[in-house]
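final_14.cif follows; it contains mmCIF, C-alpha atoms.
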data_my_file
loop_
_atom_site.label_atom_id
_atom_site.label_comp_id
_atom_site.auth_asym_id
_atom_site.auth_seq_id
_atom_site.Cartn_x
_atom_site.Cartn_y
_atom_site.Cartn_z
CA MET A 1 102.41 88.75 110.94
CA ALA A 2 105.67 87.21 112.08
CA ALA A 3 108.95 88.53 110.76
CA GLU A 4 110.93 86.24 108.49
CA GLU A 5 113.40 84.11 110.45
CA PRO A 6 116.83 85.76 110.44
CA VAL A 7 120.07 83.99 109.63
CA ALA A 8 122.31 83.74 112.69
CA GLU A 9 125.77 85.33 112.45
CA SER A 10 128.54 84.79 114.99
CA MET A 11 129.91 88.00 116.48
CA LEU A 12 133.29 86.29 116.99
CA THR A 13 135.99 86.40 114.35
CA ALA A 14 137.66 83.17 115.53
CA GLU A 15 137.66 80.30 113.08
CA GLY A 16 134.96 77.80 113.92
CA ALA A 17 132.91 80.28 115.97
CA THR A 18 129.33 79.09 115.92
CA PRO A 19 126.29 81.32 116.30
CA THR A 20 123.36 80.52 118.57
CA PRO A 21 120.34 79.26 116.62
CA TRP A 22 117.47 81.75 116.31
CA ALA A 23 115.13 79.22 117.96
CA GLU A 24 117.04 79.62 121.25
CA ALA A 25 116.67 83.40 121.22
CA LEU A 26 113.05 83.18 120.14
CA THR A 27 112.24 80.93 123.12
CA ARG A 28 113.53 83.62 125.47
CA LEU A 29 111.77 86.43 123.62
CA GLU A 30 108.41 84.66 123.55
CA ASN A 31 108.51 83.09 127.01
CA PRO A 32 110.79 84.94 129.43
CA GLN A 33 111.10 83.11 132.74
CA GLY A 34 111.09 84.66 136.20
CA GLU A 35 111.40 88.36 136.94
CA VAL A 36 112.42 90.28 133.82
CA THR A 37 112.99 93.99 133.40
CA HIS A 38 112.96 95.31 129.86
CA TRP A 39 114.99 98.47 129.21
CA LEU A 40 114.15 100.90 126.40
CA ALA A 41 116.97 103.05 125.02
CA THR A 42 115.96 106.07 122.94
CA VAL A 43 117.62 109.29 121.81
CA ARG A 44 116.45 112.71 122.99
CA PRO A 45 116.02 115.45 120.37
CA ASP A 46 119.30 117.03 121.55
CA GLY A 47 121.15 113.72 120.95
CA ARG A 48 121.50 112.62 124.58
CA PRO A 49 120.58 109.00 125.36
CA HIS A 50 117.59 108.06 127.49
CA VAL A 51 117.13 104.62 129.10
CA VAL A 52 114.08 103.61 131.11
CA PRO A 53 112.37 100.36 132.17
CA VAL A 54 109.23 99.51 130.19
CA GLY A 55 106.53 96.88 130.12
CA ALA A 56 107.42 94.95 126.96
CA VAL A 57 106.28 91.76 125.25
CA TRP A 58 107.31 89.89 122.08
CA VAL A 59 104.29 89.08 119.91
CA ASP A 60 104.20 87.98 116.26
CA GLY A 61 107.83 88.77 115.53
CA ALA A 62 108.08 92.20 117.17
CA MET A 63 108.58 93.81 120.58
CA TYR A 64 105.81 96.00 121.97
CA PHE A 65 106.10 98.45 124.84
CA THR A 66 103.73 100.77 126.68
CA THR A 67 104.13 104.33 127.80
CA GLY A 68 102.05 107.02 129.39
CA GLN A 69 101.12 109.90 127.13
CA GLY A 70 103.61 112.77 127.04
CA THR A 71 106.47 110.86 128.70
CA GLN A 72 110.07 111.50 127.69
CA LYS A 73 110.31 108.14 125.92
CA GLU A 74 107.22 108.94 123.85
CA LYS A 75 108.64 112.36 122.92
CA ASN A 76 111.92 110.69 121.95
CA VAL A 77 110.39 108.08 119.62
CA ALA A 78 108.19 110.77 118.05
CA HIS A 79 111.38 112.67 117.18
CA ASN A 80 113.51 109.62 116.29
CA PRO A 81 111.89 106.16 116.14
CA HIS A 82 115.20 104.26 116.34
CA CYS A 83 115.45 102.47 119.67
CA VAL A 84 116.65 99.35 121.48
CA ILE A 85 114.82 97.14 123.98
CA SER A 86 117.08 94.91 126.06
CA PHE A 87 116.68 92.37 128.84
CA ALA A 88 118.43 89.43 130.47
CA ASN A 89 116.78 86.01 130.70
CA GLN A 90 117.67 82.32 130.83
CA GLY A 91 121.42 82.77 130.35
CA PHE A 92 121.22 85.41 127.62
CA ASP A 93 121.24 89.18 127.35
CA LEU A 94 119.04 90.07 124.38
CA MET A 95 118.86 93.39 122.55
CA VAL A 96 116.17 94.14 119.93
CA GLU A 97 117.17 97.07 117.77
CA GLY A 98 114.58 98.65 115.47
CA GLU A 99 112.09 101.43 114.91
CA ALA A 100 109.10 102.20 117.10
CA ALA A 101 105.68 102.94 115.62
CA ARG A 102 102.50 103.64 117.57
CA VAL A 103 99.82 100.95 117.51
CA THR A 104 96.19 102.06 117.65
CA ASP A 105 94.11 99.30 116.04
CA ASP A 106 91.82 97.53 118.49
CA GLU A 107 92.54 94.02 117.16
CA THR A 108 96.28 94.27 117.85
CA LEU A 109 95.70 96.06 121.15
CA ALA A 110 93.32 93.27 122.25
CA ARG A 111 95.97 90.61 121.52
CA LEU A 112 98.52 92.63 123.47
CA ALA A 113 96.13 93.19 126.38
CA GLU A 114 95.67 89.41 126.59
CA ARG A 115 99.44 88.92 126.69
CA TYR A 116 99.90 91.61 129.34
CA ASN A 117 97.06 90.07 131.39
CA ALA A 118 98.82 86.69 131.24
CA HIS A 119 101.86 88.42 132.78
CA GLY A 120 99.77 89.93 135.61
CA TRP A 121 99.02 93.41 134.27
CA PRO A 122 95.21 93.84 133.96
CA ALA A 123 95.14 95.86 130.73
CA THR A 124 92.03 96.56 128.68
CA VAL A 125 91.57 98.24 125.30
CA GLY A 126 90.05 101.69 125.02
CA GLU A 127 90.22 104.37 122.32
CA GLY A 128 93.45 103.36 120.58
CA ALA A 129 95.41 102.69 123.77
CA LEU A 130 95.47 100.40 126.80
CA ASP A 131 93.91 101.15 130.14
CA ALA A 132 94.74 99.60 133.49
CA PRO A 133 94.25 100.47 137.15
CA PHE A 134 98.03 100.77 137.65
CA SER A 135 101.38 100.74 135.92
CA ALA A 136 105.01 101.52 136.70
CA PRO A 137 105.63 104.99 138.19
CA THR A 138 107.82 105.93 135.17
CA THR A 139 104.91 105.24 132.81
CA GLY A 140 102.57 107.94 134.05
CA PRO A 141 98.79 107.73 134.24
CA ALA A 142 96.46 105.85 131.87
CA PRO A 143 95.70 105.66 129.04
CA TYR A 144 98.88 103.89 127.92
CA ASN A 145 100.02 104.22 124.34
CA VAL A 146 101.52 101.13 122.74
CA TYR A 147 104.49 101.06 120.37
CA LYS A 148 105.67 98.27 118.11
CA VAL A 149 109.42 97.86 117.62
CA THR A 150 109.99 96.05 114.35
CA PRO A 151 113.39 94.36 114.68
CA ALA A 152 116.18 95.37 112.33
CA ILE A 153 118.67 93.26 114.25
CA VAL A 154 118.66 91.23 117.45
CA PHE A 155 121.82 90.62 119.47
CA GLY A 156 122.30 87.78 121.94
CA LEU A 157 125.13 87.54 124.44
CA GLY A 158 125.38 84.45 126.59
CA THR A 159 125.91 84.97 130.31
CA THR A 160 126.50 81.40 131.48
CA GLU A 161 128.88 78.60 130.62
CA GLY A 162 127.57 76.97 127.49
CA THR A 163 126.07 80.22 126.17
CA TRP A 164 128.82 82.85 126.50
CA GLU A 165 130.87 81.16 123.79
CA HIS A 166 128.33 82.02 121.09
CA PRO A 167 127.64 85.79 120.89
CA THR A 168 125.27 86.14 117.97
CA ARG A 169 123.47 88.70 115.85
CA TRP A 170 120.34 87.98 113.88
CA PRO A 171 119.81 90.64 111.17
CA PHE A 172 116.28 91.12 109.86
CA ASP A 173 116.95 93.91 107.37
CA ARG A 174 118.42 91.92 104.50
#

I need this file expressed as structure tokens, please.
Amino acid sequence: MAAEEPVAESMLTAEGATPTPWAEALTRLENPQGEVTHWLATVRPDGRPHVVPVGAVWVDGAMYFTTGQGTQKEKNVAHNPHCVISFANQGFDLMVEGEAARVTDDETLARLAERYNAHGWPATVGEGALDAPFSAPTTGPAPYNVYKVTPAIVFGLGTTEGTWEHPTRWPFDR
């Protein structure tokens, strides 16, 4: 189920500052163009930050990422589910802040496997996780657990003329 559309808020205090419409951010979340690296930021149990690239997709109003079992990122979200997934695409840097929860139902995993396959990763569903013949070295071996990051807030910072003037936040937790 898709999250309710958030109300855009300008991050600038200048009079007349206009936020970027949610539809522009959503286009980039749903259909990133070209080579995109998603970065997951988590917090270790001792409070130190941890940032690592992940395979991530936006589906039905949430970000999903994969991880090998027993990786540092999986240990971190088990201890503290608060995290951020960020990436740059089409003139915007986007950050999705929320809480990660493991996904194990086959119906959702099948939809995600289809999306990953469309992006060139041949994932299949098996026993509450995804399987594939390969993944990124930082992910570890299969099976790959999947986590859903339900957005609390999304930030968008423009990186090109015409977008940088409208830094925006879209809060979901109202």

Contacts of segment 81-88 of chain A at 6 Å (all atoms listed in the file; same-chain gap of 4+ positions) as a PyMOL selection string: chain A and resi 38-42+77+92-100

Find the residues near Thr160 of chain A: any atom within 9 Å, counting only C-alpha atoms, skip ones fewer than 5 places away on the same chain, and give them as a compact mmCIF listing (two decimals) with C-alpha atoms, in the coordinates of the input.
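Result written to out-v7.txt:
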# COMPACT_ATOMS: atom_id res chain seq x y z
CA GLN A 90 117.67 82.32 130.83
CA GLY A 91 121.42 82.77 130.35
CA PHE A 92 121.22 85.41 127.62
CA GLU A 165 130.87 81.16 123.79

With all atoms of segment 158-168 of chain A from the file as input, state the centre and edge lengths in Å to one decimal of the axis-aligned box that has 8 Å extra on each side, as JSON.
{"center_x": 128.1, "center_y": 81.6, "center_z": 124.7, "size_x": 21.6, "size_y": 25.2, "size_z": 29.5}

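The smallest atom-to-atom distance between Val54 of chain A and any of A:Gly162, A:Pro6, A:Pro143, A:Gly68, using all atoms listed in the file, is found for A:Gly68.
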
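In terms of minimum interatomic distance to Ala118 of chain A, A:Asn31 ranks closest within A:Thr37, A:Thr150, A:Asn31, A:Thr20, counting only C-alpha atoms.
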
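Interatomic distance, atom CA of Leu157 of chain A against atom CA of Trp22 of chain A: 12.6 Å.
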
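Nearest residue to Glu35 of chain A among A:Ala23, A:Pro167, A:Asn89, A:Ile153 is A:Asn89, counting all atoms listed in the file.
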
Can you translate the PyMOL selection byres ((chain A and resi 123-127) around 12) into the concrete residues it hits in this file, as a VMD selection string? chain A and resid 55 66 103 to 122 128 to 135 142 to 146

Pick from A:Gly140, A:Gly158, A:Lys73, A:Pro171: nearest to Arg44 of chain A, with all atoms listed in the file counted?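 Among A:Gly140, A:Gly158, A:Lys73, A:Pro171, it is A:Lys73 that comes nearest to Arg44 of chain A.
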
Pick from A:Glu30, A:Val59, A:Asn80, A:Glu24, whichever lies nearest to Asp46 of chain A using only C-alpha atoms: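 Closest candidate: A:Asn80.
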
Would you be able to write out as an MDAnalysis selection string which residues have an atom within 9 Å of (108.7, 84.0, 121.5) in the file's coordinates, counting all atoms listed in the file? chainID A and resid 23 25:32 57:61

Distance of atom CA of Glu5 of chain A from atom CA of Thr67 of chain A, expressed in Å to one decimal place: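 Result for atom CA of Thr67 of chain A versus atom CA of Glu5 of chain A: 28.2 Å, one decimal.
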
Specify as a short mmCIF file (atom, residue, chain, number, x, y, z; two decimals) with C-alpha atoms, in the coordinates of the input each residue included when the PyMOL selection byres ((chain A and resi 148) around 6) is applied to this file.
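Listing of expr_33.cif after writing:
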data_model
loop_
_atom_site.label_atom_id
_atom_site.label_comp_id
_atom_site.auth_asym_id
_atom_site.auth_seq_id
_atom_site.Cartn_x
_atom_site.Cartn_y
_atom_site.Cartn_z
CA MET A 63 108.58 93.81 120.58
CA TYR A 64 105.81 96.00 121.97
CA ALA A 100 109.10 102.20 117.10
CA ALA A 101 105.68 102.94 115.62
CA TYR A 147 104.49 101.06 120.37
CA VAL A 149 109.42 97.86 117.62
#

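Going from atom CA of Glu4 of chain A to atom CA of Asp173 of chain A covers 9.8 Å.
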
For this file, the PyMOL selection byres ((chain A and resi 8) around 7) selects which residues, as a ChimeraX atom specification? /A:6-7,9-10,19-22,168-170

Would you kindly place N, CA and C atoms on segment 20-56 of chain A and return the model as a PDB file, in the frame of the given file?
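Below is the file that was written, out-v2.pdb:
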ATOM      1  N   THR A  20     124.496  81.138 117.890  1.00  0.00           N
ATOM      2  CA  THR A  20     123.360  80.520 118.570  1.00  0.00           C
ATOM      3  C   THR A  20     122.196  80.463 117.598  1.00  0.00           C
ATOM      4  N   PRO A  21     121.505  79.338 117.516  1.00  0.00           N
ATOM      5  CA  PRO A  21     120.340  79.260 116.620  1.00  0.00           C
ATOM      6  C   PRO A  21     119.247  80.257 117.043  1.00  0.00           C
ATOM      7  N   TRP A  22     118.550  80.801 116.057  1.00  0.00           N
ATOM      8  CA  TRP A  22     117.470  81.750 116.310  1.00  0.00           C
ATOM      9  C   TRP A  22     116.417  81.147 117.240  1.00  0.00           C
ATOM     10  N   ALA A  23     116.152  79.862 117.121  1.00  0.00           N
ATOM     11  CA  ALA A  23     115.130  79.220 117.960  1.00  0.00           C
ATOM     12  C   ALA A  23     115.419  79.413 119.446  1.00  0.00           C
ATOM     13  N   GLU A  24     116.700  79.414 119.839  1.00  0.00           N
ATOM     14  CA  GLU A  24     117.040  79.620 121.250  1.00  0.00           C
ATOM     15  C   GLU A  24     116.704  81.043 121.704  1.00  0.00           C
ATOM     16  N   ALA A  25     117.007  82.017 120.877  1.00  0.00           N
ATOM     17  CA  ALA A  25     116.670  83.400 121.220  1.00  0.00           C
ATOM     18  C   ALA A  25     115.163  83.597 121.232  1.00  0.00           C
ATOM     19  N   LEU A  26     114.499  83.030 120.252  1.00  0.00           N
ATOM     20  CA  LEU A  26     113.050  83.180 120.140  1.00  0.00           C
ATOM     21  C   LEU A  26     112.336  82.623 121.371  1.00  0.00           C
ATOM     22  N   THR A  27     112.826  81.507 121.898  1.00  0.00           N
ATOM     23  CA  THR A  27     112.240  80.930 123.120  1.00  0.00           C
ATOM     24  C   THR A  27     112.279  81.938 124.257  1.00  0.00           C
ATOM     25  N   ARG A  28     113.387  82.642 124.395  1.00  0.00           N
ATOM     26  CA  ARG A  28     113.530  83.620 125.470  1.00  0.00           C
ATOM     27  C   ARG A  28     112.696  84.876 125.221  1.00  0.00           C
ATOM     28  N   LEU A  29     112.584  85.265 123.962  1.00  0.00           N
ATOM     29  CA  LEU A  29     111.770  86.430 123.620  1.00  0.00           C
ATOM     30  C   LEU A  29     110.289  86.152 123.870  1.00  0.00           C
ATOM     31  N   GLU A  30     109.829  84.990 123.444  1.00  0.00           N
ATOM     32  CA  GLU A  30     108.410  84.660 123.550  1.00  0.00           C
ATOM     33  C   GLU A  30     107.976  84.268 124.958  1.00  0.00           C
ATOM     34  N   ASN A  31     108.873  83.623 125.706  1.00  0.00           N
ATOM     35  CA  ASN A  31     108.510  83.090 127.010  1.00  0.00           C
ATOM     36  C   ASN A  31     109.572  83.383 128.060  1.00  0.00           C
ATOM     37  N   PRO A  32     109.788  84.653 128.403  1.00  0.00           N
ATOM     38  CA  PRO A  32     110.790  84.940 129.430  1.00  0.00           C
ATOM     39  C   PRO A  32     110.369  84.298 130.757  1.00  0.00           C
ATOM     40  N   GLN A  33     111.359  83.801 131.482  1.00  0.00           N
ATOM     41  CA  GLN A  33     111.100  83.110 132.740  1.00  0.00           C
ATOM     42  C   GLN A  33     111.524  83.985 133.917  1.00  0.00           C
ATOM     43  N   GLY A  34     110.747  83.934 134.990  1.00  0.00           N
ATOM     44  CA  GLY A  34     111.090  84.660 136.200  1.00  0.00           C
ATOM     45  C   GLY A  34     110.880  86.160 136.057  1.00  0.00           C
ATOM     46  N   GLU A  35     111.497  86.898 136.956  1.00  0.00           N
ATOM     47  CA  GLU A  35     111.400  88.360 136.940  1.00  0.00           C
ATOM     48  C   GLU A  35     112.277  88.907 135.825  1.00  0.00           C
ATOM     49  N   VAL A  36     111.692  89.694 134.951  1.00  0.00           N
ATOM     50  CA  VAL A  36     112.420  90.280 133.820  1.00  0.00           C
ATOM     51  C   VAL A  36     112.116  91.761 133.757  1.00  0.00           C
ATOM     52  N   THR A  37     113.154  92.566 133.640  1.00  0.00           N
ATOM     53  CA  THR A  37     112.990  93.990 133.400  1.00  0.00           C
ATOM     54  C   THR A  37     113.466  94.290 131.994  1.00  0.00           C
ATOM     55  N   HIS A  38     112.597  94.874 131.203  1.00  0.00           N
ATOM     56  CA  HIS A  38     112.960  95.310 129.860  1.00  0.00           C
ATOM     57  C   HIS A  38     113.388  96.778 129.941  1.00  0.00           C
ATOM     58  N   TRP A  39     114.464  97.113 129.227  1.00  0.00           N
ATOM     59  CA  TRP A  39     114.990  98.470 129.210  1.00  0.00           C
ATOM     60  C   TRP A  39     114.873  99.034 127.804  1.00  0.00           C
ATOM     61  N   LEU A  40     114.289 100.216 127.675  1.00  0.00           N
ATOM     62  CA  LEU A  40     114.150 100.900 126.400  1.00  0.00           C
ATOM     63  C   LEU A  40     115.184 102.016 126.318  1.00  0.00           C
ATOM     64  N   ALA A  41     115.996 101.982 125.270  1.00  0.00           N
ATOM     65  CA  ALA A  41     116.970 103.050 125.020  1.00  0.00           C
ATOM     66  C   ALA A  41     116.496 103.854 123.813  1.00  0.00           C
ATOM     67  N   THR A  42     116.363 105.158 124.012  1.00  0.00           N
ATOM     68  CA  THR A  42     115.960 106.070 122.940  1.00  0.00           C
ATOM     69  C   THR A  42     116.956 107.235 122.908  1.00  0.00           C
ATOM     70  N   VAL A  43     116.750 108.122 121.941  1.00  0.00           N
ATOM     71  CA  VAL A  43     117.620 109.290 121.810  1.00  0.00           C
ATOM     72  C   VAL A  43     116.757 110.545 121.931  1.00  0.00           C
ATOM     73  N   ARG A  44     117.153 111.436 122.819  1.00  0.00           N
ATOM     74  CA  ARG A  44     116.450 112.710 122.990  1.00  0.00           C
ATOM     75  C   ARG A  44     116.677 113.589 121.755  1.00  0.00           C
ATOM     76  N   PRO A  45     115.816 114.553 121.514  1.00  0.00           N
ATOM     77  CA  PRO A  45     116.020 115.450 120.370  1.00  0.00           C
ATOM     78  C   PRO A  45     117.373 116.153 120.339  1.00  0.00           C
ATOM     79  N   ASP A  46     117.992 116.366 121.532  1.00  0.00           N
ATOM     80  CA  ASP A  46     119.300 117.030 121.550  1.00  0.00           C
ATOM     81  C   ASP A  46     120.460 116.029 121.402  1.00  0.00           C
ATOM     82  N   GLY A  47     120.135 114.723 121.184  1.00  0.00           N
ATOM     83  CA  GLY A  47     121.150 113.720 120.950  1.00  0.00           C
ATOM     84  C   GLY A  47     121.578 112.925 122.179  1.00  0.00           C
ATOM     85  N   ARG A  48     121.138 113.352 123.371  1.00  0.00           N
ATOM     86  CA  ARG A  48     121.500 112.620 124.580  1.00  0.00           C
ATOM     87  C   ARG A  48     120.703 111.312 124.670  1.00  0.00           C
ATOM     88  N   PRO A  49     121.310 110.267 125.212  1.00  0.00           N
ATOM     89  CA  PRO A  49     120.580 109.000 125.360  1.00  0.00           C
ATOM     90  C   PRO A  49     119.588 109.055 126.505  1.00  0.00           C
ATOM     91  N   HIS A  50     118.600 108.177 126.436  1.00  0.00           N
ATOM     92  CA  HIS A  50     117.590 108.060 127.490  1.00  0.00           C
ATOM     93  C   HIS A  50     117.279 106.569 127.630  1.00  0.00           C
ATOM     94  N   VAL A  51     117.415 106.029 128.827  1.00  0.00           N
ATOM     95  CA  VAL A  51     117.130 104.620 129.100  1.00  0.00           C
ATOM     96  C   VAL A  51     116.157 104.540 130.255  1.00  0.00           C
ATOM     97  N   VAL A  52     115.115 103.712 130.092  1.00  0.00           N
ATOM     98  CA  VAL A  52     114.080 103.610 131.110  1.00  0.00           C
ATOM     99  C   VAL A  52     113.474 102.200 131.055  1.00  0.00           C
ATOM    100  N   PRO A  53     113.053 101.654 132.207  1.00  0.00           N
ATOM    101  CA  PRO A  53     112.370 100.360 132.170  1.00  0.00           C
ATOM    102  C   PRO A  53     110.978 100.519 131.556  1.00  0.00           C
ATOM    103  N   VAL A  54     110.552  99.494 130.818  1.00  0.00           N
ATOM    104  CA  VAL A  54     109.230  99.510 130.190  1.00  0.00           C
ATOM    105  C   VAL A  54     108.580  98.139 130.329  1.00  0.00           C
ATOM    106  N   GLY A  55     107.265  98.135 130.231  1.00  0.00           N
ATOM    107  CA  GLY A  55     106.530  96.880 130.120  1.00  0.00           C
ATOM    108  C   GLY A  55     106.574  96.466 128.656  1.00  0.00           C
ATOM    109  N   ALA A  56     107.252  95.363 128.349  1.00  0.00           N
ATOM    110  CA  ALA A  56     107.420  94.950 126.960  1.00  0.00           C
ATOM    111  C   ALA A  56     107.093  93.477 126.792  1.00  0.00           C
TER     112      ALA A  56
END
